[in-house]
Amino acid sequence: MPTMKGINSRCAFYLGFLVGTCTLYFLRQVWLVGLAPTLSDGLGSNAKVLLNQRAEHRDWRVEGSALINLKHPHNIGEDSQVADELYQKVRILCWVMTGPSNLQKKAQHVKATWSRHCNVVLFMSSEEDRDFPTVGLDTGEGRDKLYWKTIRAFHYVFKNHGEEADWFLKADDDTFVVVDNLRWLLSNYTPEDPIYFGKRFKPYAKQGYMSGGAGYVLSKEALKRFVEGFRTKVCTHTTSVEDLALGQCMEKMGVLAGDSRDTMQRETFHPFVPESHLTGKFSKSFWYWNYCYYPIVEASGPQCCSDLAISFHYVDAQLMYLLEYYTYHLRPYGYRYRYQPPLSLVLGMVHQAEGVEEPGNGAAGKGQGLADDKAVEQVQTDLENRPETQPEKNPAVNRTVAEKEVQQ
Amino acid sequence: MYESCCHTGLNMLAEGSSFFKGLLLGSIFCLVVSLLGNFTPSWQSSPGIHLHHHIKAPSKEDLQGLPETQKLELSLRVRVYCAIMVQPKDLAYYLTAKDTWSKHCDRAEFYTSESSKAIEAVNLQEQDEWARIRKALTHAYNNAGDLRWFFVARATTFAIIENLKYLVLDKDPRQPFYIGRTAKSGELEYVEFTSGIILSYEALRRLTEVFDDTEKCPERGRALWKLSEEKQLAECLKYRGVFAENGEDTQGKGLFNSKSVNSLIADSLDQDPADVVENCCSDMAITFSGMTPNQMQVMMFGIYRLHPYGHTFHDSLVFLPPVGSEND
């Protein structure tokens, strides 16, 4: 019957239309997804940036519980020649004091930010964790275990990684460190100097000691003496107050408490967050006033902190990323920083950073590179033959006095 | 029997062909619709419009084409007049702006709603925000001197003027530019006030002219419903052919932020913990808003002082620290 036929064919038509639309819709979706990689390439620089970021995560080599940095993180468009050279010449091993309950809360953010600028990183916990990774120190957790963890951590580092670095930094999982600035400070010394640096406190020890939370860094010689001190029982676990105990051991072993301030006497290691140092008004009865070894230049305001600040403490997750953003990313285009200190010649680094010329050194100049190897060799020979210049850097510390104390 | 089967077969075939016709037509229909969907209806926008809708900072390649002498000349020639809106209740912000980022403007002028002993500013004697902006911009235009770029923002915003200058470096202020963080309200595209507004000299000139037209650009806002001041501004500028443009870096990231850097970092941490800093904000960001005065001081330190030793940029402009200042 014709009408039935007509209705049927119309229905068939509509059905076909529907099926056709749906099929092609799904086909298109699949086609788009399949083309996604090629499409993202077409986005150009955006994709390249993303690829670079992913690649950065593959720039660690995991060796046991240590993260060996293969590539110093770089920013697009920057000239990091001087930073890269310092990276080669001032090798820093960073070990971060953490615990099982803080791995995701705190240590993870250290891992994602500043620790990428160390040559080697180790996360020290009471328990081993293969995935993070962390070293297991076989202690308990808690404030009373802090010095035990420190002793074991330094022994572990000395035994397993002693040859992989020149300087050994201890930090907490809520410390933020600008490792490039630490390298600048340490470039004025050699790893054979028995010396250590940090935020210097004055009570309880003759030469003072370094605040644990603000982080402190030992030269290779200082680390050797620390380990030797425990072997000979000159140093023992005296108290759980980790930073003080370590400072007292250092003093007994003849290791100098160095002056970490910049050339304008501004502090570089900070025991609090930037906001406290820059804007906080510490009350006169606050313990801090009595603890600082050097006069507090300004309790709040810009002279509190060096432009080449090295550390801050009590830094939570958000502040970690914010400080990483401020230090390595956000910048005023074309701006000439006020503070342009020269680079030491101790390492034989002939060229200067940021256009500052060293008077009397004809080879200085931006971007000169180490093309003139002979000049570099000459400088190095001169440095080896010169009388010791190290004590000049630390007028506040009398080396002979410390040595006398060791002999007593 | 055989005939009826055949008959049914033929029927089905007829239906089948209808089915396939439908299938074919449906597929074509779907394709056409999706293609049309991807099409931006560019013919819809009015003719004779500026070619740019997103303003990007010049890329390194752009600038390398410029001769050295021209780069130096540009560093000195791009000069900004900052019109900063304050209110007595925001005294702390006034003090912070005065102590921090406003020092990097070639000229910083504060405009207040009412007089206050603690605030050194042009007293507009006006409570209505749109009327204040009108007066402030008129004052700025009349006192511009030889400054050709204007940045207007509240004191609760923090601006990095060097990056602002870099953004407009290769733009001619004799052309109308109205730049910031854009948003859309119906058909109107406007620049959000919270994150600051850039106007070129030509844009401001046209604006002051249209201020006289009480029909198109009334001083008190339209009678029936009041538009926010940022939308009023966009409407008035639109009449003179000046359109809002979104300021972006060479990777397309927005340079003007209506939130604080702290909350942007927090958002990024929530969304993608693997790449917090990369996904947060541009390296060349120009503004942030909603920060406390203390957070602004930290930002000042973080931008102008704190930096990692040994990393340099061979930028094409040179900006020196301001005289008589310590925190930068």
# chains A, B, ... in the order shown; residues from 1 in each chain; ligands from 1

$ residues_around --residues "region 83-85 of chain B" --least-positions-apart "4" --cutoff "8 Å" --atoms "only C-alpha atoms" --output "ChimeraX atom specification"
/B:108-112,136-137,140,150-155

$ write_last_selection --atoms "all heavy atoms" --output "mmCIF file, in the first residue's frame"
data_model
loop_
_atom_site.group_PDB
_atom_site.id
_atom_site.type_symbol
_atom_site.label_atom_id
_atom_site.label_comp_id
_atom_site.auth_asym_id
_atom_site.auth_seq_id
_atom_site.Cartn_x
_atom_site.Cartn_y
_atom_site.Cartn_z
ATOM 1 N N ALA B 108 53.987 60.028 38.594
ATOM 2 C CA ALA B 108 52.921 59.359 39.339
ATOM 3 C C ALA B 108 52.061 60.421 40.001
ATOM 4 O O ALA B 108 52.560 61.244 40.761
ATOM 5 C CB ALA B 108 53.516 58.427 40.387
ATOM 6 N N GLU B 109 50.778 60.403 39.677
ATOM 7 C CA GLU B 109 49.854 61.369 40.259
ATOM 8 C C GLU B 109 48.750 60.605 40.977
ATOM 9 O O GLU B 109 48.115 59.734 40.392
ATOM 10 C CB GLU B 109 49.270 62.241 39.144
ATOM 11 C CG GLU B 109 48.669 63.547 39.610
ATOM 12 C CD GLU B 109 49.717 64.521 40.133
ATOM 13 O OE1 GLU B 109 50.600 64.926 39.348
ATOM 14 O OE2 GLU B 109 49.656 64.871 41.325
ATOM 15 N N PHE B 110 48.546 60.925 42.225
ATOM 16 C CA PHE B 110 47.479 60.277 42.985
ATOM 17 C C PHE B 110 46.219 61.116 42.927
ATOM 18 O O PHE B 110 46.281 62.346 42.987
ATOM 19 C CB PHE B 110 47.910 60.077 44.441
ATOM 20 C CG PHE B 110 48.971 59.017 44.598
ATOM 21 C CD1 PHE B 110 50.314 59.333 44.456
ATOM 22 C CD2 PHE B 110 48.623 57.697 44.858
ATOM 23 C CE1 PHE B 110 51.292 58.356 44.589
ATOM 24 C CE2 PHE B 110 49.596 56.715 44.992
ATOM 25 C CZ PHE B 110 50.938 57.046 44.852
ATOM 26 N N TYR B 111 45.066 60.470 42.805
ATOM 27 C CA TYR B 111 43.783 61.161 42.739
ATOM 28 C C TYR B 111 42.877 60.606 43.833
ATOM 29 O O TYR B 111 42.628 59.404 43.870
ATOM 30 C CB TYR B 111 43.128 60.952 41.372
ATOM 31 C CG TYR B 111 43.925 61.555 40.236
ATOM 32 C CD1 TYR B 111 44.888 60.810 39.558
ATOM 33 C CD2 TYR B 111 43.722 62.884 39.844
ATOM 34 C CE1 TYR B 111 45.626 61.372 38.523
ATOM 35 C CE2 TYR B 111 44.451 63.450 38.815
ATOM 36 C CZ TYR B 111 45.406 62.684 38.159
ATOM 37 O OH TYR B 111 46.140 63.237 37.136
ATOM 38 N N THR B 112 42.401 61.506 44.702
ATOM 39 C CA THR B 112 41.600 61.035 45.825
ATOM 40 C C THR B 112 40.152 61.495 45.713
ATOM 41 O O THR B 112 39.850 62.501 45.078
ATOM 42 C CB THR B 112 42.224 61.500 47.163
ATOM 43 O OG1 THR B 112 41.417 61.023 48.227
ATOM 44 C CG2 THR B 112 42.307 63.005 47.233
ATOM 45 N N ALA B 136 39.939 62.417 36.663
ATOM 46 C CA ALA B 136 41.362 62.085 36.758
ATOM 47 C C ALA B 136 41.988 62.029 35.372
ATOM 48 O O ALA B 136 43.076 62.568 35.138
ATOM 49 C CB ALA B 136 41.539 60.750 37.475
ATOM 50 N N LEU B 137 41.301 61.366 34.444
ATOM 51 C CA LEU B 137 41.860 61.241 33.098
ATOM 52 C C LEU B 137 41.934 62.587 32.392
ATOM 53 O O LEU B 137 42.877 62.857 31.647
ATOM 54 C CB LEU B 137 41.056 60.226 32.281
ATOM 55 C CG LEU B 137 41.284 58.758 32.699
ATOM 56 C CD1 LEU B 137 40.368 57.824 31.923
ATOM 57 C CD2 LEU B 137 42.738 58.356 32.480
ATOM 58 N N ALA B 140 44.878 64.253 33.837
ATOM 59 C CA ALA B 140 46.102 63.638 33.316
ATOM 60 C C ALA B 140 46.390 64.133 31.908
ATOM 61 O O ALA B 140 47.526 64.480 31.566
ATOM 62 C CB ALA B 140 45.970 62.118 33.328
ATOM 63 N N PHE B 150 49.550 56.365 29.270
ATOM 64 C CA PHE B 150 48.861 56.597 30.531
ATOM 65 C C PHE B 150 48.434 55.271 31.141
ATOM 66 O O PHE B 150 47.883 54.415 30.454
ATOM 67 C CB PHE B 150 47.640 57.493 30.309
ATOM 68 C CG PHE B 150 48.030 58.831 29.743
ATOM 69 C CD1 PHE B 150 48.208 58.996 28.372
ATOM 70 C CD2 PHE B 150 48.252 59.915 30.576
ATOM 71 C CE1 PHE B 150 48.605 60.218 27.851
ATOM 72 C CE2 PHE B 150 48.649 61.140 30.064
ATOM 73 C CZ PHE B 150 48.826 61.298 28.701
ATOM 74 N N PHE B 151 48.712 55.126 32.418
ATOM 75 C CA PHE B 151 48.325 53.927 33.139
ATOM 76 C C PHE B 151 47.436 54.355 34.292
ATOM 77 O O PHE B 151 47.841 55.157 35.134
ATOM 78 C CB PHE B 151 49.572 53.208 33.653
ATOM 79 C CG PHE B 151 49.267 52.018 34.513
ATOM 80 C CD1 PHE B 151 48.631 50.897 33.972
ATOM 81 C CD2 PHE B 151 49.603 52.002 35.857
ATOM 82 C CE1 PHE B 151 48.344 49.792 34.771
ATOM 83 C CE2 PHE B 151 49.322 50.903 36.655
ATOM 84 C CZ PHE B 151 48.687 49.794 36.112
ATOM 85 N N VAL B 152 46.207 53.859 34.304
ATOM 86 C CA VAL B 152 45.302 54.242 35.389
ATOM 87 C C VAL B 152 44.902 52.994 36.171
ATOM 88 O O VAL B 152 44.550 51.960 35.592
ATOM 89 C CB VAL B 152 44.072 55.014 34.854
ATOM 90 C CG1 VAL B 152 43.289 54.226 33.830
ATOM 91 C CG2 VAL B 152 43.146 55.423 35.983
ATOM 92 N N ALA B 153 45.034 53.092 37.495
ATOM 93 C CA ALA B 153 44.750 51.935 38.351
ATOM 94 C C ALA B 153 44.425 52.425 39.757
ATOM 95 O O ALA B 153 44.741 53.557 40.121
ATOM 96 C CB ALA B 153 45.950 51.006 38.395
ATOM 97 N N ARG B 154 43.825 51.523 40.519
ATOM 98 C CA ARG B 154 43.608 51.839 41.933
ATOM 99 C C ARG B 154 44.915 51.573 42.682
ATOM 100 O O ARG B 154 45.766 50.821 42.212
ATOM 101 C CB ARG B 154 42.508 50.946 42.511
ATOM 102 C CG ARG B 154 41.148 51.131 41.868
ATOM 103 C CD ARG B 154 40.082 50.432 42.703
ATOM 104 N NE ARG B 154 38.798 50.452 42.025
ATOM 105 C CZ ARG B 154 38.276 49.410 41.361
ATOM 106 N NH1 ARG B 154 38.927 48.267 41.325
ATOM 107 N NH2 ARG B 154 37.106 49.511 40.756
ATOM 108 N N ALA B 155 45.019 52.155 43.865
ATOM 109 C CA ALA B 155 46.232 51.956 44.668
ATOM 110 C C ALA B 155 46.329 50.528 45.195
ATOM 111 O O ALA B 155 47.374 50.122 45.695
ATOM 112 C CB ALA B 155 46.253 52.938 45.836
#

$ select_by_dssp --residues "region 88-187 of chain B" --states "strand (DSSP E)" --output "list in words"
Arg107, Ala108, Glu109, Phe110, Tyr111, Thr112, Val122, Asn123, Trp149, Phe150, Phe151, Val152, Ala153, Arg154, Thr157, Phe158, Ala159, Tyr178, Ile179, Gly180, Thr182, Ala183, Lys184 and Ser185 of chain B

$ atom_distance --atom1 "CA of Val242 (chain B)" --atom2 "CA of Gly196 (chain B)"
16.8 Å

$ atom_distance --atom1 "CA of Gly145 (chain B)" --atom2 "CA of Arg205 (chain B)"
13.3 Å

$ closest_residue --among "A:Met264, A:Ile68, A:Val179, A:Val121" --to "chain B" --atoms "only C-alpha atoms"
A:Val179

$ residues_around --residues "region 308-323 of chain B" --least-positions-apart "5" --cutoff "6 Å" --atoms "only C-alpha atoms" --output "JSON list (two decimals) with C-alpha atoms, in the first residue's frame"
[["chain", "number", "residue", "atom", "x", "y", "z"],
["A", 78, "GLU", "CA", 68.55, 33.92, 29.62],
["A", 79, "ASP", "CA", 72.33, 33.92, 29.50],
["A", 80, "SER", "CA", 73.37, 31.67, 32.36],
["A", 82, "VAL", "CA", 78.31, 32.45, 34.81],
["A", 83, "ALA", "CA", 75.73, 30.44, 36.75],
["A", 180, "ASP", "CA", 72.91, 30.14, 42.87],
["A", 181, "ASN", "CA", 73.50, 32.76, 45.53],
["A", 334, "GLY", "CA", 65.76, 45.67, 31.15],
["A", 335, "TYR", "CA", 66.27, 46.54, 34.81],
["A", 336, "ARG", "CA", 69.83, 47.09, 36.06],
["B", 75, "SER", "CA", 64.23, 53.18, 26.37]]

$ residues_around --residues "Asn279 (chain B)" --least-positions-apart "5" --cutoff "10 Å" --atoms "only C-alpha atoms" --output "list in words"
Leu50 of chain A; Lys253, Leu264, Ile265, Asp267, Ser268, Leu269, Gln271, Asp272, Pro273 and Ala274 of chain B

$ write_last_selection --atoms "N, CA and C atoms" --output "PDB file, in the first residue's frame"
ATOM      1  N   LEU A  50      55.890  23.659  27.082  1.00  0.00           N
ATOM      2  CA  LEU A  50      55.377  22.521  27.834  1.00  0.00           C
ATOM      3  C   LEU A  50      56.326  21.345  27.717  1.00  0.00           C
TER       4      LEU A  50
ATOM      5  N   LYS B 253      50.259  34.252  27.410  1.00  0.00           N
ATOM      6  CA  LYS B 253      49.814  34.347  28.811  1.00  0.00           C
ATOM      7  C   LYS B 253      49.435  35.786  29.117  1.00  0.00           C
ATOM      8  N   LEU B 264      46.964  33.290  42.829  1.00  0.00           N
ATOM      9  CA  LEU B 264      47.218  32.641  41.541  1.00  0.00           C
ATOM     10  C   LEU B 264      48.123  31.430  41.720  1.00  0.00           C
ATOM     11  N   ILE B 265      49.115  31.543  42.581  1.00  0.00           N
ATOM     12  CA  ILE B 265      49.976  30.404  42.883  1.00  0.00           C
ATOM     13  C   ILE B 265      49.157  29.302  43.542  1.00  0.00           C
ATOM     14  N   ASP B 267      45.969  28.706  43.235  1.00  0.00           N
ATOM     15  CA  ASP B 267      45.123  28.082  42.206  1.00  0.00           C
ATOM     16  C   ASP B 267      45.933  27.104  41.371  1.00  0.00           C
ATOM     17  N   SER B 268      47.117  27.535  40.969  1.00  0.00           N
ATOM     18  CA  SER B 268      47.957  26.696  40.129  1.00  0.00           C
ATOM     19  C   SER B 268      48.354  25.420  40.861  1.00  0.00           C
ATOM     20  N   LEU B 269      48.622  25.548  42.147  1.00  0.00           N
ATOM     21  CA  LEU B 269      49.002  24.388  42.967  1.00  0.00           C
ATOM     22  C   LEU B 269      47.856  23.390  43.035  1.00  0.00           C
ATOM     23  N   GLN B 271      45.458  23.078  40.735  1.00  0.00           N
ATOM     24  CA  GLN B 271      45.121  22.525  39.423  1.00  0.00           C
ATOM     25  C   GLN B 271      46.174  21.562  38.892  1.00  0.00           C
ATOM     26  N   ASP B 272      47.445  21.949  39.011  1.00  0.00           N
ATOM     27  CA  ASP B 272      48.488  21.097  38.444  1.00  0.00           C
ATOM     28  C   ASP B 272      49.736  21.161  39.309  1.00  0.00           C
ATOM     29  N   PRO B 273      49.803  20.324  40.344  1.00  0.00           N
ATOM     30  CA  PRO B 273      50.952  20.388  41.256  1.00  0.00           C
ATOM     31  C   PRO B 273      52.288  20.112  40.579  1.00  0.00           C
ATOM     32  N   ALA B 274      52.253  19.588  39.359  1.00  0.00           N
ATOM     33  CA  ALA B 274      53.519  19.252  38.720  1.00  0.00           C
ATOM     34  C   ALA B 274      54.214  20.455  38.104  1.00  0.00           C
TER      35      ALA B 274
END

$ residues_around --residues "Gly16 (chain A)" --least-positions-apart "3" --cutoff "10 Å" --atoms "only C-alpha atoms" --output "VMD selection string"
(chain A and resid 10 to 13 19 to 22) or (chain B and resid 15 to 27)

$ select_by_dssp --residues "region 166-323 of chain B" --states "helix (DSSP H, G or I)" --output "PyMOL selection string"
chain B and resi 166-168+201-211+229-239+261-271+276-280+293-304

$ closest_residue --among "B:Ala92, B:Ile133, B:Leu306, B:Ile286" --to "chain A" --atoms "only C-alpha atoms"
B:Leu306

$ closest_residue --among "B:Glu187, B:Asp146, B:Asp99, B:Glu245" --to "chain A" --atoms "only C-alpha atoms"
B:Asp99

$ closest_residue --among "A:Ala153, A:Leu103, A:Val297, A:Leu27" --to "chain B" --atoms "only C-alpha atoms"
A:Leu27

$ atom_distance --atom1 "CA of Ile310 (chain A)" --atom2 "CA of Arg183 (chain A)"
9.3 Å

$ closest_residue --among "A:Lys145, A:Lys199, A:His74, A:Arg61" --to "chain B" --atoms "only C-alpha atoms"
A:His74

$ closest_residue --among "B:Arg77, B:Lys259, B:His104, B:Lys231" --to "chain A" --atoms "only C-alpha atoms"
B:His104

$ residues_around --residues "Met300 (chain B)" --least-positions-apart "3" --cutoff "9 Å" --atoms "only C-alpha atoms" --output "MDAnalysis selection string"
chainID B and resid 100:101 295:297 303:305 327:328

$ write_last_selection --atoms "all heavy atoms" --output "tab-separated table (two decimals), in the first residue's frame"
chain	number	residue	atom	x	y	z
B	100	THR	N	56.46	52.08	46.81
B	100	THR	CA	56.93	50.98	45.95
B	100	THR	C	56.81	51.30	44.46
B	100	THR	O	57.53	52.14	43.93
B	100	THR	CB	56.19	49.67	46.27
B	100	THR	OG1	54.78	49.84	46.07
B	100	THR	CG2	56.44	49.21	47.71
B	101	TRP	N	55.86	50.70	43.80
B	101	TRP	CA	55.89	50.68	42.33
B	101	TRP	C	55.72	52.04	41.67
B	101	TRP	O	56.24	52.25	40.55
B	101	TRP	CB	54.84	49.70	41.80
B	101	TRP	CG	53.41	50.02	42.12
B	101	TRP	CD1	52.69	49.61	43.21
B	101	TRP	CD2	52.50	50.80	41.33
B	101	TRP	NE1	51.41	50.07	43.14
B	101	TRP	CE2	51.26	50.81	41.99
B	101	TRP	CE3	52.62	51.47	40.11
B	101	TRP	CZ2	50.14	51.47	41.48
B	101	TRP	CZ3	51.51	52.13	39.59
B	101	TRP	CH2	50.29	52.13	40.29
B	295	GLN	N	52.36	42.22	51.44
B	295	GLN	CA	52.65	41.35	50.31
B	295	GLN	C	53.23	42.15	49.15
B	295	GLN	O	54.05	41.67	48.38
B	295	GLN	CB	51.37	40.62	49.85
B	295	GLN	CG	50.94	39.53	50.81
B	295	GLN	CD	49.58	38.97	50.49
B	295	GLN	OE1	48.75	39.63	49.84
B	295	GLN	NE2	49.31	37.77	50.95
B	296	MET	N	52.80	43.42	49.05
B	296	MET	CA	53.34	44.28	48.00
B	296	MET	C	54.80	44.60	48.28
B	296	MET	O	55.62	44.67	47.37
B	296	MET	CB	52.54	45.57	47.91
B	296	MET	CG	51.15	45.38	47.34
B	296	MET	SD	50.41	47.00	47.06
B	296	MET	CE	48.77	46.53	46.59
B	297	GLN	N	55.15	44.76	49.56
B	297	GLN	CA	56.55	45.02	49.90
B	297	GLN	C	57.41	43.81	49.55
B	297	GLN	O	58.54	43.95	49.07
B	297	GLN	CB	56.69	45.35	51.40
B	297	GLN	CG	56.04	46.65	51.83
B	297	GLN	CD	56.83	47.88	51.41
B	297	GLN	OE1	57.88	47.79	50.76
B	297	GLN	NE2	56.33	49.05	51.78
B	303	ILE	N	60.96	41.31	43.11
B	303	ILE	CA	61.15	41.71	41.71
B	303	ILE	C	62.43	42.49	41.52
B	303	ILE	O	63.24	42.17	40.65
B	303	ILE	CB	59.97	42.58	41.24
B	303	ILE	CG1	58.68	41.80	41.23
B	303	ILE	CG2	60.24	43.14	39.86
B	303	ILE	CD1	57.48	42.67	40.96
B	304	TYR	N	62.59	43.54	42.31
B	304	TYR	CA	63.66	44.50	42.03
B	304	TYR	C	64.97	44.21	42.74
B	304	TYR	O	65.98	44.80	42.42
B	304	TYR	CB	63.20	45.92	42.38
B	304	TYR	CG	62.16	46.43	41.43
B	304	TYR	CD1	60.83	46.52	41.80
B	304	TYR	CD2	62.50	46.81	40.12
B	304	TYR	CE1	59.87	46.97	40.91
B	304	TYR	CE2	61.54	47.26	39.24
B	304	TYR	CZ	60.23	47.35	39.63
B	304	TYR	OH	59.28	47.78	38.76
B	305	ARG	N	64.96	43.31	43.72
B	305	ARG	CA	66.20	43.06	44.42
B	305	ARG	C	66.61	41.59	44.39
B	305	ARG	O	67.68	41.26	43.89
B	305	ARG	CB	66.11	43.62	45.84
B	305	ARG	CG	65.93	45.14	45.74
B	305	ARG	CD	66.11	45.93	47.01
B	305	ARG	NE	67.21	45.47	47.77
B	305	ARG	CZ	67.13	45.10	49.04
B	305	ARG	NH1	65.97	45.15	49.67
B	305	ARG	NH2	68.18	44.67	49.68
B	327	ASN	N	64.45	50.47	48.24
B	327	ASN	CA	63.88	49.12	48.22
B	327	ASN	C	63.80	48.53	46.82
B	327	ASN	O	63.04	47.62	46.57
B	327	ASN	CB	62.49	49.12	48.89
B	327	ASN	CG	61.53	50.11	48.22
B	327	ASN	OD1	61.90	50.81	47.28
B	327	ASN	ND2	60.31	50.18	48.72
B	328	ASP	N	64.60	49.10	45.89
B	328	ASP	CA	64.59	48.52	44.55
B	328	ASP	C	65.97	48.63	43.90
B	328	ASP	O	66.92	49.07	44.54
B	328	ASP	CB	63.53	49.21	43.67
B	328	ASP	CG	63.65	50.72	43.72
B	328	ASP	OD1	64.65	51.24	44.21
B	328	ASP	OD2	62.71	51.38	43.27

$ residues_around --residues "Tyr293 (chain A)" --least-positions-apart "5" --cutoff "12 Å" --atoms "only C-alpha atoms" --output "list of chain:residue names"
A:Gly198, A:Lys199, A:Arg200, A:Phe201, A:Lys202, A:Pro203, A:Tyr204, A:Ala205, A:Lys206, A:Gln207, A:Gly208, A:Tyr209, A:Met210, A:Ser211, A:Ala257, A:Gly258, A:Asp259, A:Ser260, A:Arg261, A:Glu267, A:Tyr288, A:Ala396, A:Val397
